[in-house]
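Below is the file final10.cif, which contains mmCIF, C-alpha atoms.
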data_start
loop_
_atom_site.group_PDB
_atom_site.id
_atom_site.type_symbol
_atom_site.label_atom_id
_atom_site.label_comp_id
_atom_site.auth_asym_id
_atom_site.auth_seq_id
_atom_site.Cartn_x
_atom_site.Cartn_y
_atom_site.Cartn_z
ATOM 1 C CA MET A 1029 114.093 115.818 156.476
ATOM 2 C CA ALA A 1030 111.501 115.168 153.797
ATOM 3 C CA GLN A 1031 110.002 111.688 153.488
ATOM 4 C CA THR A 1032 111.656 111.384 150.073
ATOM 5 C CA GLU A 1033 114.301 113.739 148.717
ATOM 6 C CA TRP A 1034 113.533 113.764 145.009
ATOM 7 C CA PRO A 1035 116.535 115.861 143.920
ATOM 8 C CA THR A 1036 118.847 113.171 145.302
ATOM 9 C CA LEU A 1037 116.921 110.399 143.563
ATOM 10 C CA ALA A 1038 117.184 112.358 140.319
ATOM 11 C CA LEU A 1039 120.964 112.618 140.766
ATOM 12 C CA LEU A 1040 121.211 108.880 141.317
ATOM 13 C CA VAL A 1041 119.462 108.277 137.983
ATOM 14 C CA LEU A 1042 121.752 110.851 136.361
ATOM 15 C CA CYS A 1043 124.894 109.267 137.839
ATOM 16 C CA TYR A 1044 124.104 105.723 136.716
ATOM 17 C CA GLY A 1045 122.860 106.979 133.356
ATOM 18 C CA LEU A 1046 126.072 108.924 132.783
ATOM 19 C CA TRP A 1047 128.170 105.899 133.697
ATOM 20 C CA LEU A 1048 126.213 103.555 131.433
ATOM 21 C CA ALA A 1049 126.154 105.996 128.516
ATOM 22 C CA ALA A 1050 129.917 106.506 128.789
ATOM 23 C CA GLY A 1051 130.537 102.761 128.753
ATOM 24 C CA LEU A 1052 127.961 101.585 126.232
ATOM 25 C CA TRP A 1053 127.844 104.472 123.764
ATOM 26 C CA LEU A 1054 130.899 106.730 124.178
ATOM 27 C CA TYR A 1055 133.655 104.161 124.775
ATOM 28 C CA PRO A 1056 133.420 102.561 121.284
ATOM 29 C CA ARG A 1057 133.699 106.043 119.738
ATOM 30 C CA LEU A 1058 136.001 108.036 122.035
ATOM 31 C CA PRO A 1059 137.531 105.637 124.569
ATOM 32 C CA ALA A 1060 139.789 108.148 126.348
ATOM 33 C CA LEU A 1061 136.934 110.620 126.864
ATOM 34 C CA ALA A 1062 134.642 107.795 127.979
ATOM 35 C CA LEU A 1063 137.084 106.742 130.708
ATOM 36 C CA ILE A 1064 137.274 110.339 131.929
ATOM 37 C CA VAL A 1065 133.483 110.589 132.048
ATOM 38 C CA MET A 1066 133.300 107.284 133.935
ATOM 39 C CA GLY A 1067 135.884 108.620 136.405
ATOM 40 C CA ILE A 1068 133.682 111.654 137.014
ATOM 41 C CA ALA A 1069 130.733 109.306 137.532
ATOM 42 C CA VAL A 1070 132.777 107.339 140.084
ATOM 43 C CA ALA A 1071 133.469 110.512 142.098
ATOM 44 C CA PHE A 1072 129.821 111.533 141.762
ATOM 45 C CA HIS A 1073 128.685 108.113 142.984
ATOM 46 C CA SER A 1074 130.987 108.390 145.991
ATOM 47 C CA SER A 1075 129.397 111.734 146.882
ATOM 48 C CA LEU A 1076 125.976 110.071 146.659
ATOM 49 C CA GLN A 1077 127.156 107.218 148.894
ATOM 50 C CA HIS A 1078 128.192 109.837 151.428
ATOM 51 C CA GLU A 1079 124.707 111.324 151.240
ATOM 52 C CA VAL A 1080 123.150 107.889 151.742
ATOM 53 C CA LEU A 1081 125.167 106.955 154.827
ATOM 54 C CA HIS A 1082 123.809 110.090 156.520
ATOM 55 C CA GLY A 1083 120.230 108.910 156.049
ATOM 56 C CA HIS A 1084 119.259 110.268 152.638
ATOM 57 C CA PRO A 1085 117.261 110.267 150.362
ATOM 58 C CA THR A 1086 114.460 108.237 152.036
ATOM 59 C CA ARG A 1087 113.592 107.183 155.572
ATOM 60 C CA SER A 1088 114.475 103.548 154.757
ATOM 61 C CA ALA A 1089 118.122 102.653 155.410
ATOM 62 C CA ARG A 1090 117.794 99.441 153.384
ATOM 63 C CA LEU A 1091 116.333 101.212 150.380
ATOM 64 C CA ASN A 1092 118.980 103.933 150.598
ATOM 65 C CA GLU A 1093 121.778 101.372 150.628
ATOM 66 C CA ALA A 1094 120.237 99.522 147.696
ATOM 67 C CA LEU A 1095 120.315 102.744 145.687
ATOM 68 C CA VAL A 1096 124.131 102.878 145.901
ATOM 69 C CA PHE A 1097 124.765 99.135 146.090
ATOM 70 C CA LEU A 1098 126.693 98.847 142.812
ATOM 71 C CA PRO A 1099 130.331 99.699 143.687
ATOM 72 C CA ILE A 1100 131.280 101.378 140.423
ATOM 73 C CA GLY A 1101 134.344 102.815 142.192
ATOM 74 C CA LEU A 1102 135.525 99.215 142.883
ATOM 75 C CA PHE A 1103 137.751 99.738 145.898
ATOM 76 C CA TYR A 1104 135.714 100.483 149.054
ATOM 77 C CA PRO A 1105 132.911 98.460 150.702
ATOM 78 C CA PHE A 1106 130.015 100.793 151.420
ATOM 79 C CA ARG A 1107 129.338 99.432 154.898
ATOM 80 C CA SER A 1108 132.956 99.798 155.980
ATOM 81 C CA TYR A 1109 132.946 103.340 154.655
ATOM 82 C CA LYS A 1110 129.736 104.037 156.565
ATOM 83 C CA ARG A 1111 131.157 102.654 159.812
ATOM 84 C CA THR A 1112 134.398 104.606 159.644
ATOM 85 C CA HIS A 1113 132.816 107.814 158.386
ATOM 86 C CA LEU A 1114 130.232 107.957 161.162
ATOM 87 C CA GLN A 1115 133.046 107.418 163.659
ATOM 88 C CA HIS A 1116 134.856 110.308 161.980
ATOM 89 C CA HIS A 1117 131.879 112.561 162.772
ATOM 90 C CA LEU A 1118 132.759 112.533 166.487
ATOM 91 C CA ASP A 1119 134.076 116.087 166.342
ATOM 92 C CA GLU A 1120 135.803 115.884 169.733
ATOM 93 C CA ARG A 1121 138.160 113.253 168.260
ATOM 94 C CA LEU A 1122 138.689 114.873 164.846
ATOM 95 C CA THR A 1123 142.269 114.533 163.536
ATOM 96 C CA ASP A 1124 143.288 112.049 166.280
ATOM 97 C CA PRO A 1125 145.554 109.532 164.472
ATOM 98 C CA HIS A 1126 144.024 106.570 166.302
ATOM 99 C CA ASP A 1127 140.437 107.647 167.032
ATOM 100 C CA ASP A 1128 139.575 109.411 163.773
ATOM 101 C CA PRO A 1129 139.599 106.848 160.939
ATOM 102 C CA GLU A 1130 139.828 109.634 158.344
ATOM 103 C CA SER A 1131 142.755 111.484 159.895
ATOM 104 C CA TYR A 1132 145.743 112.068 157.654
ATOM 105 C CA TYR A 1133 147.941 112.632 160.691
ATOM 106 C CA ILE A 1134 150.026 109.780 162.083
ATOM 107 C CA ALA A 1135 151.036 109.273 165.715
ATOM 108 C CA LEU A 1136 154.670 110.147 166.353
ATOM 109 C CA PHE A 1137 155.682 106.605 167.310
ATOM 110 C CA ASP A 1138 153.997 105.141 164.240
ATOM 111 C CA TRP A 1139 155.738 107.751 162.091
ATOM 112 C CA LEU A 1140 159.184 107.013 163.538
ATOM 113 C CA ARG A 1141 158.939 103.300 162.846
ATOM 114 C CA LEU A 1142 157.888 103.660 159.189
ATOM 115 C CA PRO A 1143 160.445 102.795 156.478
ATOM 116 C CA ARG A 1144 162.220 105.825 155.041
ATOM 117 C CA LEU A 1145 160.670 105.322 151.589
ATOM 118 C CA LEU A 1146 157.151 105.344 153.027
ATOM 119 C CA GLN A 1147 157.983 108.479 155.010
ATOM 120 C CA LEU A 1148 159.065 110.179 151.783
ATOM 121 C CA LEU A 1149 155.862 109.105 150.041
ATOM 122 C CA LEU A 1150 153.707 110.367 152.908
ATOM 123 C CA ARG A 1151 155.504 113.712 152.950
ATOM 124 C CA ALA A 1152 154.811 114.054 149.234
ATOM 125 C CA ASN A 1153 151.243 112.936 149.883
ATOM 126 C CA ASN A 1154 150.775 115.989 152.101
ATOM 127 C CA THR A 1155 151.029 118.312 149.105
ATOM 128 C CA LEU A 1156 147.935 118.719 146.964
ATOM 129 C CA LEU A 1157 149.687 117.378 143.867
ATOM 130 C CA GLY A 1158 150.967 114.406 145.847
ATOM 131 C CA ARG A 1159 147.516 113.740 147.297
ATOM 132 C CA VAL A 1160 146.003 113.617 143.821
ATOM 133 C CA LEU A 1161 148.758 111.438 142.304
ATOM 134 C CA LEU A 1162 149.839 109.270 145.254
ATOM 135 C CA GLY A 1163 146.781 109.428 147.459
ATOM 136 C CA PRO A 1164 144.568 106.911 145.620
ATOM 137 C CA PRO A 1165 146.944 103.912 145.809
ATOM 138 C CA LEU A 1166 148.177 104.834 149.308
ATOM 139 C CA ASN A 1167 144.626 105.160 150.607
ATOM 140 C CA VAL A 1168 143.383 101.955 148.998
ATOM 141 C CA ALA A 1169 146.383 99.984 150.268
ATOM 142 C CA GLY A 1170 146.182 101.402 153.785
ATOM 143 C CA PHE A 1171 142.427 101.042 154.093
ATOM 144 C CA THR A 1172 142.369 97.485 152.694
ATOM 145 C CA ARG A 1173 145.229 96.395 154.950
ATOM 146 C CA ALA A 1174 143.434 97.740 158.026
ATOM 147 C CA GLU A 1175 140.168 96.074 156.983
ATOM 148 C CA TRP A 1176 141.721 92.657 156.413
ATOM 149 C CA LYS A 1177 143.512 92.836 159.742
ATOM 150 C CA ARG A 1178 140.109 93.386 161.357
ATOM 151 C CA ILE A 1179 138.762 90.347 159.524
ATOM 152 C CA ALA A 1180 141.748 88.268 160.651
ATOM 153 C CA ARG A 1181 140.918 89.226 164.247
ATOM 154 C CA GLY A 1182 137.401 87.845 163.762
ATOM 155 C CA ASP A 1183 135.433 91.048 163.053
ATOM 156 C CA ALA A 1184 132.227 89.658 161.543
ATOM 157 C CA ARG A 1185 130.828 93.073 160.627
ATOM 158 C CA THR A 1186 133.871 93.915 158.502
ATOM 159 C CA ARG A 1187 133.821 90.454 156.905
ATOM 160 C CA ASP A 1188 130.141 90.858 155.995
ATOM 161 C CA ALA A 1189 130.835 94.290 154.503
ATOM 162 C CA TRP A 1190 133.427 92.780 152.176
ATOM 163 C CA VAL A 1191 131.173 89.850 151.259
ATOM 164 C CA LYS A 1192 128.430 92.281 150.222
ATOM 165 C CA HIS A 1193 131.013 94.365 148.393
ATOM 166 C CA GLY A 1194 132.131 91.276 146.486
ATOM 167 C CA LEU A 1195 128.548 90.499 145.494
ATOM 168 C CA GLY A 1196 128.164 94.031 144.196
ATOM 169 C CA LEU A 1197 131.395 93.808 142.237
ATOM 170 C CA VAL A 1198 130.126 90.854 140.177
ATOM 171 C CA PRO A 1199 127.619 92.812 138.031
ATOM 172 C CA VAL A 1200 129.963 95.831 137.848
ATOM 173 C CA ILE A 1201 132.869 93.748 136.529
ATOM 174 C CA LEU A 1202 130.609 91.899 134.091
ATOM 175 C CA LEU A 1203 129.229 95.188 132.753
ATOM 176 C CA VAL A 1204 132.640 96.839 132.447
ATOM 177 C CA GLN A 1205 134.451 93.852 130.974
ATOM 178 C CA PHE A 1206 131.825 92.478 128.617
ATOM 179 C CA ALA A 1207 129.112 95.086 128.004
ATOM 180 C CA PHE A 1208 131.446 98.099 127.866
ATOM 181 C CA GLY A 1209 134.377 96.150 126.441
ATOM 182 C CA VAL A 1210 136.798 97.828 128.864
ATOM 183 C CA PRO A 1211 139.426 95.550 130.470
ATOM 184 C CA ILE A 1212 138.786 95.723 134.186
ATOM 185 C CA TRP A 1213 142.448 96.544 134.897
ATOM 186 C CA LEU A 1214 142.186 99.518 132.531
ATOM 187 C CA TYR A 1215 138.942 100.685 134.145
ATOM 188 C CA ALA A 1216 140.463 100.430 137.638
ATOM 189 C CA GLY A 1217 143.626 102.264 136.621
ATOM 190 C CA THR A 1218 141.843 105.097 134.799
ATOM 191 C CA ALA A 1219 138.219 105.694 135.787
ATOM 192 C CA GLY A 1220 138.669 104.242 139.275
ATOM 193 C CA TYR A 1221 141.878 106.181 139.836
ATOM 194 C CA LEU A 1222 140.436 109.427 138.461
ATOM 195 C CA GLY A 1223 137.386 109.181 140.709
ATOM 196 C CA LEU A 1224 139.587 108.917 143.802
ATOM 197 C CA ALA A 1225 141.877 111.687 142.562
ATOM 198 C CA LEU A 1226 138.944 114.077 142.177
ATOM 199 C CA LEU A 1227 137.784 113.272 145.694
ATOM 200 C CA ALA A 1228 141.322 113.916 146.940
ATOM 201 C CA VAL A 1229 140.978 117.550 145.864
ATOM 202 C CA ARG A 1230 137.990 117.917 148.172
ATOM 203 C CA SER A 1231 139.464 116.044 151.107
ATOM 204 C CA TYR A 1232 143.007 117.459 150.912
ATOM 205 C CA CYS A 1233 142.660 119.894 153.812
ATOM 206 C CA GLU A 1234 139.123 119.255 155.041
ATOM 207 C CA HIS A 1235 140.464 119.009 158.576
ATOM 208 C CA GLN A 1236 143.350 120.496 160.525
ATOM 209 C CA TRP A 1237 144.435 120.395 164.140
ATOM 210 C CA SER A 1238 142.945 123.091 166.359
ATOM 211 C CA GLU A 1239 142.493 123.199 170.119
ATOM 212 C CA SER A 1240 138.830 123.937 169.439
ATOM 213 C CA PRO A 1241 136.976 121.085 167.704
ATOM 214 C CA GLU A 1242 135.013 123.665 165.701
ATOM 215 C CA GLY A 1243 138.244 125.037 164.239
ATOM 216 C CA ARG A 1244 139.187 121.671 162.733
ATOM 217 C CA THR A 1245 136.831 121.643 159.753
ATOM 218 C CA ILE A 1246 137.121 123.688 156.581
ATOM 219 C CA ILE A 1247 134.795 125.871 154.553
ATOM 220 C CA VAL A 1248 135.554 126.243 150.831
ATOM 221 C CA GLU A 1249 133.127 128.910 149.734
ATOM 222 C CA ARG A 1250 132.836 128.308 145.999
ATOM 223 C CA SER A 1251 134.051 125.931 143.315
ATOM 224 C CA VAL A 1252 133.018 124.554 139.953
ATOM 225 C CA LEU A 1253 133.517 121.164 141.633
ATOM 226 C CA ALA A 1254 130.978 121.891 144.384
ATOM 227 C CA PRO A 1255 128.043 120.151 142.605
ATOM 228 C CA LEU A 1256 130.225 117.068 142.026
ATOM 229 C CA PHE A 1257 130.959 117.031 145.770
ATOM 230 C CA LEU A 1258 127.274 117.718 146.581
ATOM 231 C CA TYR A 1259 128.389 120.929 148.298
ATOM 232 C CA ASN A 1260 130.496 119.058 150.803
ATOM 233 C CA ASN A 1261 133.008 121.844 150.215
ATOM 234 C CA LEU A 1262 130.953 123.583 152.922
ATOM 235 C CA HIS A 1263 132.327 120.899 155.166
ATOM 236 C CA PHE A 1264 131.935 122.633 158.511
ATOM 237 C CA VAL A 1265 128.230 123.158 157.829
ATOM 238 C CA HIS A 1266 127.893 119.478 156.965
ATOM 239 C CA HIS A 1267 129.631 118.405 160.184
ATOM 240 C CA LYS A 1268 127.299 120.538 162.254
ATOM 241 C CA LEU A 1269 124.151 119.588 160.325
ATOM 242 C CA PRO A 1270 124.793 116.134 158.799
ATOM 243 C CA ARG A 1271 121.087 115.442 158.288
ATOM 244 C CA ILE A 1272 120.648 118.475 156.021
ATOM 245 C CA PRO A 1273 120.376 117.287 152.385
ATOM 246 C CA TRP A 1274 123.052 118.448 149.973
ATOM 247 C CA TYR A 1275 120.826 120.880 148.082
ATOM 248 C CA ARG A 1276 120.097 122.923 151.217
ATOM 249 C CA LEU A 1277 123.714 123.410 152.309
ATOM 250 C CA PRO A 1278 124.467 126.518 150.187
ATOM 251 C CA GLU A 1279 121.327 128.293 151.403
ATOM 252 C CA VAL A 1280 122.008 127.397 155.045
ATOM 253 C CA TYR A 1281 125.573 128.683 154.700
ATOM 254 C CA ARG A 1282 124.620 131.927 152.943
ATOM 255 C CA HIS A 1283 121.896 132.697 155.471
ATOM 256 C CA GLU A 1284 124.385 132.903 158.368
ATOM 257 C CA ARG A 1285 127.738 133.126 156.590
ATOM 258 C CA ALA A 1286 129.418 135.415 159.123
ATOM 259 C CA ASP A 1287 128.379 133.176 162.016
ATOM 260 C CA TRP A 1288 129.641 130.003 160.315
ATOM 261 C CA ILE A 1289 133.019 131.644 159.688
ATOM 262 C CA ARG A 1290 133.200 132.898 163.266
ATOM 263 C CA ARG A 1291 132.350 129.469 164.649
ATOM 264 C CA ASN A 1292 135.048 127.612 162.701
ATOM 265 C CA GLY A 1293 137.690 130.170 163.573
ATOM 266 C CA GLY A 1294 138.066 131.490 160.043
ATOM 267 C CA TYR A 1295 139.325 128.223 158.538
ATOM 268 C CA VAL A 1296 138.018 129.334 155.160
ATOM 269 C CA TYR A 1297 139.306 129.227 151.585
ATOM 270 C CA GLY A 1298 137.663 131.011 148.697
ATOM 271 C CA SER A 1299 138.095 128.098 146.281
ATOM 272 C CA TYR A 1300 140.062 124.925 145.600
ATOM 273 C CA LEU A 1301 142.140 126.957 143.163
ATOM 274 C CA GLU A 1302 143.261 129.076 146.100
ATOM 275 C CA ILE A 1303 144.272 125.896 147.928
ATOM 276 C CA ALA A 1304 146.149 124.687 144.853
ATOM 277 C CA ARG A 1305 148.094 127.918 144.567
ATOM 278 C CA ALA A 1306 149.197 127.656 148.168
ATOM 279 C CA HIS A 1307 149.792 123.926 148.524
ATOM 280 C CA ALA A 1308 150.215 122.240 145.153
ATOM 281 C CA LEU A 1309 153.891 121.610 145.950
ATOM 282 C CA ARG A 1310 154.110 122.724 149.577
ATOM 283 C CA ALA A 1311 152.620 120.624 152.362
ATOM 284 C CA LYS A 1312 150.023 122.341 154.503
ATOM 285 C CA GLU A 1313 150.454 119.971 157.442
ATOM 286 C CA PRO A 1314 153.150 117.735 158.940
ATOM 287 C CA VAL A 1315 152.561 113.986 158.725
ATOM 288 C CA ALA A 1316 153.017 113.361 162.455
ATOM 289 C CA HIS A 1317 150.264 114.977 164.508
ATOM 290 C CA PRO A 1318 151.581 118.244 165.968
ATOM 291 C CA VAL A 1319 149.907 117.770 169.382
ATOM 292 C CA LEU A 1320 148.154 114.424 169.897
ATOM 293 C CA ARG A 1321 149.907 111.041 170.263
ATOM 294 C CA ARG A 1322 153.331 112.654 170.571
ATOM 295 C CA ASP A 1323 154.840 110.163 173.031
ATOM 296 C CA ALA A 1324 157.671 108.310 171.269
ATOM 297 C CA VAL A 1325 156.705 105.026 172.923
ATOM 298 C CA TRP A 1326 154.847 101.985 171.684
ATOM 299 C CA ALA A 1327 151.308 103.042 170.837
ATOM 300 C CA GLY A 1328 149.620 99.652 170.885
ATOM 301 C CA ASP A 1329 148.252 97.805 167.884
ATOM 302 C CA ALA A 1330 148.057 100.927 165.750
ATOM 303 C CA GLU A 1331 148.528 100.991 162.038
ATOM 304 C CA PHE A 1332 148.782 103.477 159.220
ATOM 305 C CA ARG A 1333 145.216 104.285 158.237
ATOM 306 C CA PRO A 1334 144.972 106.731 155.338
ATOM 307 C CA ARG A 1335 141.651 108.490 155.092
ATOM 308 C CA ASN A 1336 138.701 107.207 153.113
ATOM 309 C CA PRO A 1337 137.740 108.718 149.623
ATOM 310 C CA LEU A 1338 134.344 109.279 150.311
ATOM 311 C CA PRO A 1339 134.545 109.280 150.954
ATOM 312 C CA ALA A 1340 134.902 110.044 150.872
ATOM 313 C CA THR A 1341 136.322 110.014 151.126
ATOM 314 C CA HIS A 1342 139.487 110.827 154.046
ATOM 315 C CA ALA A 1343 139.254 111.147 152.564
ATOM 316 C CA GLU A 1344 138.535 112.331 154.373
#

Serialized structure, C-alpha cells:
Amino acid sequence: MAQTEWPTLALLVLCYGLWLAAGLWLYPRLPALALIVMGIAVAFHSSLQHEVLHGHPTRSARLNEALVFLPIGLFYPFRSYKRTHLQHHLDERLTDPHDDPESYYIALFDWLRLPRLLQLLLRANNTLLGRVLLGPPLNVAGFTRAEWKRIARGDARTRDAWVKHGLGLVPVILLVQFAFGVPIWLYAGTAGYLGLALLAVRSYCEHQWSESPEGRTIIVERSVLAPLFLYNNLHFVHHKLPRIPWYRLPEVYRHERADWIRRNGGYVYGSYLEIARAHALRAKEPVAHPVLRRDAVWAGDAEFRPRNPLPATHAE
C-alpha cells in the first residue's frame, strides 16, 4: 500500500461534491433528477466506506474514518458495518447463516419458524428484481433489529457505533432538510432507497455455497457500474487481496485472469446484464442454506440477518 492513495482521496472529494451540487444547485431546478444523482452519490459513498474499512486511503484509521464520517446514506452505522464486514471476510465461514453476517441464506430451523408472509417476501427477495425492490427495506429492518438486540444485551461497541452514527446524522439531516430543502422522509425514500438498490445489483449473487471456500465468491468481468462499485465486481480478487486499492483490481485480474477463474471454480459472469437476464424473475438460490445448518431443531438465539449494503453492502 502507498502511504496515501490519492485517487481515492480524489473520489471522496468528487462524491461529496456531487452530493452537495445535486442538493444545493440541481434540486431547485430539476428535483427528480437531483434525487437520482444523490442516490448515485449514496451508493458511491458506500463503496468508499468499504474501501476505508479495509485500510484505505491512508495509514491512519482515524483519518480514514473521518473521511467517510457523514452518513449520507442514513441507515447504517459505519463501525457496525466495519465489524460485520470484516467478520464476513473469514472465507472458511462464507455463506454460513449464523457465522457470516452478510449471508443471504437462512438456517433451516429459522426458515421454518418464519411467518408465511415473510417467507414469501424472502423468496421474492432471492430474485434480482426482488432484491432491488424489496431488499433495501428488508435489509435495513433486519440489520437494525439485530443491532438493537445486541445493544439490549449490553454490547457497548454496538451502542457506541450507533451513538457516533447519530452524531453524524445531525449535520446530514440539517443539510438535507434546510440547505437542500428536501424533506428528510423524501430523501430517505428516494435517494437513500436508490443508493441501496444500486448496491443490491452488485451484491445479489456475490456469494454462493460451494464445498470449496474459493468457489463461493463471484467474478463479474465487466460492467458500466464497475466504477461506481470501485471494481468490487471482481469480488473474488478483492476477497483474496483486500488490501489492494480499488484502482489496481482490474490490472491484477487481467494479469492472471485464467488463474483467477480456475481458482474460484469458474463462478464467473460476463456482466450484471447477464445476471439480470438469468435471474431477474427467477431465484438463483434457495433461502434456506442447502448444506449448512440443516438440522430442523432449535438453533439457539439466532435471528434473521439480511446482508449489509456495503456494503455493502450484503450486501453483501

Exercise for the section: Run the PyMOL selection byres ((chain A and resi 1255) around 12) mentally over the shown coordinates, then write out the matched residues as a ChimeraX atom specification, using the chain letters and numbers from the document. Expected result: /A:1036,1039,1068,1071-1072,1075-1076,1230,1250-1254,1256-1262,1274-1275,1277-1278

Handout entry: Output of the PyMOL selection byres ((chain A and resi 1158) around 10), listed as a list of chain:residue names
Key = A:Leu1149, A:Leu1150, A:Arg1151, A:Ala1152, A:Asn1153, A:Asn1154, A:Thr1155, A:Leu1156, A:Leu1157, A:Arg1159, A:Val1160, A:Leu1161, A:Leu1162, A:Gly1163, A:Pro1164, A:Ala1228, A:Tyr1232, A:His1307, A:Ala1308, A:Leu1309, A:Arg1310, A:Ala1311

Written file, previous selection with C-alpha atoms, as an mmCIF file, in the coordinates of the input:
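For reference, selection_26.cif as written:
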data_model
loop_
_atom_site.group_PDB
_atom_site.id
_atom_site.type_symbol
_atom_site.label_atom_id
_atom_site.label_comp_id
_atom_site.auth_asym_id
_atom_site.auth_seq_id
_atom_site.Cartn_x
_atom_site.Cartn_y
_atom_site.Cartn_z
ATOM 1 C CA LEU A 1149 155.862 109.105 150.041
ATOM 2 C CA LEU A 1150 153.707 110.367 152.908
ATOM 3 C CA ARG A 1151 155.504 113.712 152.950
ATOM 4 C CA ALA A 1152 154.811 114.054 149.234
ATOM 5 C CA ASN A 1153 151.243 112.936 149.883
ATOM 6 C CA ASN A 1154 150.775 115.989 152.101
ATOM 7 C CA THR A 1155 151.029 118.312 149.105
ATOM 8 C CA LEU A 1156 147.935 118.719 146.964
ATOM 9 C CA LEU A 1157 149.687 117.378 143.867
ATOM 10 C CA ARG A 1159 147.516 113.740 147.297
ATOM 11 C CA VAL A 1160 146.003 113.617 143.821
ATOM 12 C CA LEU A 1161 148.758 111.438 142.304
ATOM 13 C CA LEU A 1162 149.839 109.270 145.254
ATOM 14 C CA GLY A 1163 146.781 109.428 147.459
ATOM 15 C CA PRO A 1164 144.568 106.911 145.620
ATOM 16 C CA ALA A 1228 141.322 113.916 146.940
ATOM 17 C CA TYR A 1232 143.007 117.459 150.912
ATOM 18 C CA HIS A 1307 149.792 123.926 148.524
ATOM 19 C CA ALA A 1308 150.215 122.240 145.153
ATOM 20 C CA LEU A 1309 153.891 121.610 145.950
ATOM 21 C CA ARG A 1310 154.110 122.724 149.577
ATOM 22 C CA ALA A 1311 152.620 120.624 152.362
#

Axis-aligned box for all listed atoms of stretch 1045-1050 of chain A, 8 Å per side, centre and edges in Å to one decimal, as AutoDock Vina command-line options:
--center_x 126.4 --center_y 106.2 --center_z 131.1 --size_x 23.1 --size_y 21.4 --size_z 21.2

Handout entry: Explicit residues for the PyMOL selection byres ((chain A and resi 1110) around 10) (as a PyMOL selection string)
Key = chain A and resi 1077-1078+1080-1082+1105-1109+1111-1116+1338-1340

Near A:Ala1094, within 12 Å and counting all atoms listed in the file, which residues show up once chain neighbours fewer than 3 positions away are dropped, as a short mmCIF file (atom, residue, chain, number, x, y, z; two decimals) with C-alpha atoms, in the frame of the given file?
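Output (out.cif):
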data_model
loop_
_atom_site.label_atom_id
_atom_site.label_comp_id
_atom_site.auth_asym_id
_atom_site.auth_seq_id
_atom_site.Cartn_x
_atom_site.Cartn_y
_atom_site.Cartn_z
CA LEU A 1040 121.21 108.88 141.32
CA GLN A 1077 127.16 107.22 148.89
CA VAL A 1080 123.15 107.89 151.74
CA LEU A 1081 125.17 106.96 154.83
CA HIS A 1084 119.26 110.27 152.64
CA PRO A 1085 117.26 110.27 150.36
CA THR A 1086 114.46 108.24 152.04
CA SER A 1088 114.48 103.55 154.76
CA ALA A 1089 118.12 102.65 155.41
CA ARG A 1090 117.79 99.44 153.38
CA LEU A 1091 116.33 101.21 150.38
CA PHE A 1097 124.76 99.14 146.09
CA LEU A 1098 126.69 98.85 142.81
CA PRO A 1099 130.33 99.70 143.69
CA PHE A 1106 130.01 100.79 151.42
CA ARG A 1107 129.34 99.43 154.90
CA LYS A 1192 128.43 92.28 150.22
CA HIS A 1193 131.01 94.36 148.39
CA GLY A 1196 128.16 94.03 144.20
#

Problem - Near-A:Glu1234 list (8 Å; only C-alpha atoms; drop same-chain fewer than 5 positions) as a ChimeraX atom specification - result: /A:1245-1247,1263,1344
